[in-house]
Amino acid sequence: MYLFSIKKCIMIKKQRIHSVIYLRYLMEGKKMKENIKCKEKIINGALELFVEMGFDGTSIASIVKYSGVSNGAMYHHFSSKEELINEVFFSIHKVVKEDMLGSLKGCIDIREKFYALWSTRIRWSLANPKKKMFMEMFSNSPYMEKLWTQSVTDQFNFLCDIFDEANRSDIIMDMDADYLLCHMKSSSNGMALYLRLHPKKYSEDFLKNSFKMFWRSIINI
């Protein structure tokens with residue numbers, strides 16, 4: 001009877017320990033979700049203000065007020081405005097990359113892949129005007145020069161792989177992958193701007209016909 005009582009006590013203690021551990025797990029999970037939500041609020045608020053006021057015209061205090069978070073929460077996630085600017089860039093950059101990778105599914109030949117990448121950039125730009133504007137601001141700022149390191153270029157290695165494949169196949173003119181990326185970016189940005197100014201022109205046929213101009217500029221004739 002005594003041994004049975006001891007075993008029962010041990011079992012109850014174990015159950016309590018497991019309950020405490022599980023409760024802590026739930027609390028930590030809740031705290032983590034709250035932190036992520038808070039960080040997203042800061043990033044979204046910063047994006048709005050950067051686009052409206054510019055990088056120099058936006059202060060940490062204004063972002064705190066606009067986002068509805070505390071100073072402590074702000075500095076818990078970001079030590080400086082520059083770090084926050086870079087984080088906004090990377091958060092957008094990540095989504096663009098995912099969209100471009102997704103567009104390649106089902107593509108077989110080089111031309112299909114190039115059209116998928118080119119048209120995806122245009123569609124994304126039209127669907128996300130503020131994010132597009134931020135990316136343009138960032139690209140023409142000193143922040144881009146500081147950030148354009150291997151950590152950034154590595155994220156677009158899949159594009160270089162496609163460009164290298166195209167060069168090896170002799171389908172397109174042999175050109176540097178970085179230059180080809182700039183050329184594609186310039187073409188898609190120009191088309192996105194045109195369609196923002198003339199939205200009624202947008203259609204899949206229009207995109208496909210417009211792509212022919214870009215394709216003819218790189219194809220190995």
# chains A, B, ... in the order shown; residues from 1 in each chain; ligands from 1

call {"tool": "select_by_dssp", "arguments": {"residues": "region 30-168 of chain A", "states": "alpha helix (DSSP H)", "output": "PyMOL selection string"}}
result
chain A and resi 30-53+60-67+71-77+81-103+110-127+129-139+142-147+150-153+157-168

call {"tool": "residues_around", "arguments": {"residues": "region 197-207 of chain A", "least_positions_apart": "2", "cutoff": "10 Å", "atoms": "only C-alpha atoms", "output": "PyMOL selection string"}}
result
chain A and resi 115+118-119+122-123+126+191-195+209-212

call {"tool": "residues_around", "arguments": {"residues": "Ser62 (chain A)", "least_positions_apart": "6", "cutoff": "10 Å", "atoms": "only C-alpha atoms", "output": "VMD selection string"}}
result
chain A and resid 45 to 46 49 68

call {"tool": "residues_around", "arguments": {"residues": "region 164-172 of chain A", "least_positions_apart": "4", "cutoff": "7 Å", "atoms": "only C-alpha atoms", "output": "JSON, numbers by chain"}}
result
{"A": [110, 160, 218, 219, 220]}

call {"tool": "write_last_selection", "arguments": {"atoms": "N, CA and C atoms", "output": "PDB file, in the first residue's frame"}}
result
ATOM      1  N   ILE A 110      13.491  27.470 -72.576  1.00  0.00           N
ATOM      2  CA  ILE A 110      14.088  28.716 -72.110  1.00  0.00           C
ATOM      3  C   ILE A 110      13.160  29.913 -72.310  1.00  0.00           C
ATOM      4  N   CYS A 160      20.492  33.273 -62.256  1.00  0.00           N
ATOM      5  CA  CYS A 160      21.784  33.087 -62.935  1.00  0.00           C
ATOM      6  C   CYS A 160      21.868  31.697 -63.551  1.00  0.00           C
ATOM      7  N   ILE A 218      17.515  39.862 -77.113  1.00  0.00           N
ATOM      8  CA  ILE A 218      18.541  39.000 -76.515  1.00  0.00           C
ATOM      9  C   ILE A 218      18.777  37.710 -77.298  1.00  0.00           C
ATOM     10  N   ILE A 219      17.848  37.384 -78.197  1.00  0.00           N
ATOM     11  CA  ILE A 219      17.959  36.106 -78.909  1.00  0.00           C
ATOM     12  C   ILE A 219      19.159  36.133 -79.864  1.00  0.00           C
ATOM     13  N   ASN A 220      19.785  34.988 -79.994  1.00  0.00           N
ATOM     14  CA  ASN A 220      20.961  34.853 -80.855  1.00  0.00           C
ATOM     15  C   ASN A 220      20.509  34.567 -82.290  1.00  0.00           C
TER      16      ASN A 220
END

call {"tool": "closest_residue", "arguments": {"among": "A:Ile85, A:Ala73, A:Leu117, A:Ile108", "to": "Lys146 (chain A)", "atoms": "only C-alpha atoms"}}
result
A:Ile85

call {"tool": "closest_residue", "arguments": {"among": "A:Ala127, A:Phe114, A:Thr120, A:Gly102", "to": "Leu180 (chain A)", "atoms": "only C-alpha atoms"}}
result
A:Phe114

call {"tool": "atom_distance", "arguments": {"atom1": "CA of Ile60 (chain A)", "atom2": "CA of Lys81 (chain A)"}}
result
6.4 Å

call {"tool": "closest_residue", "arguments": {"among": "A:Met173, A:Ala61, A:Val88, A:Leu181", "to": "Phe134 (chain A)", "atoms": "only C-alpha atoms"}}
result
A:Val88

call {"tool": "atom_distance", "arguments": {"atom1": "CA of Ser188 (chain A)", "atom2": "CA of Glu136 (chain A)"}}
result
13.0 Å

call {"tool": "atom_distance", "arguments": {"atom1": "CA of Asn189 (chain A)", "atom2": "CA of Asn128 (chain A)"}}
result
12.9 Å

call {"tool": "closest_residue", "arguments": {"among": "A:Ile63, A:His77, A:His93, A:Gly72", "to": "Lys39 (chain A)", "atoms": "only C-alpha atoms"}}
result
A:His77
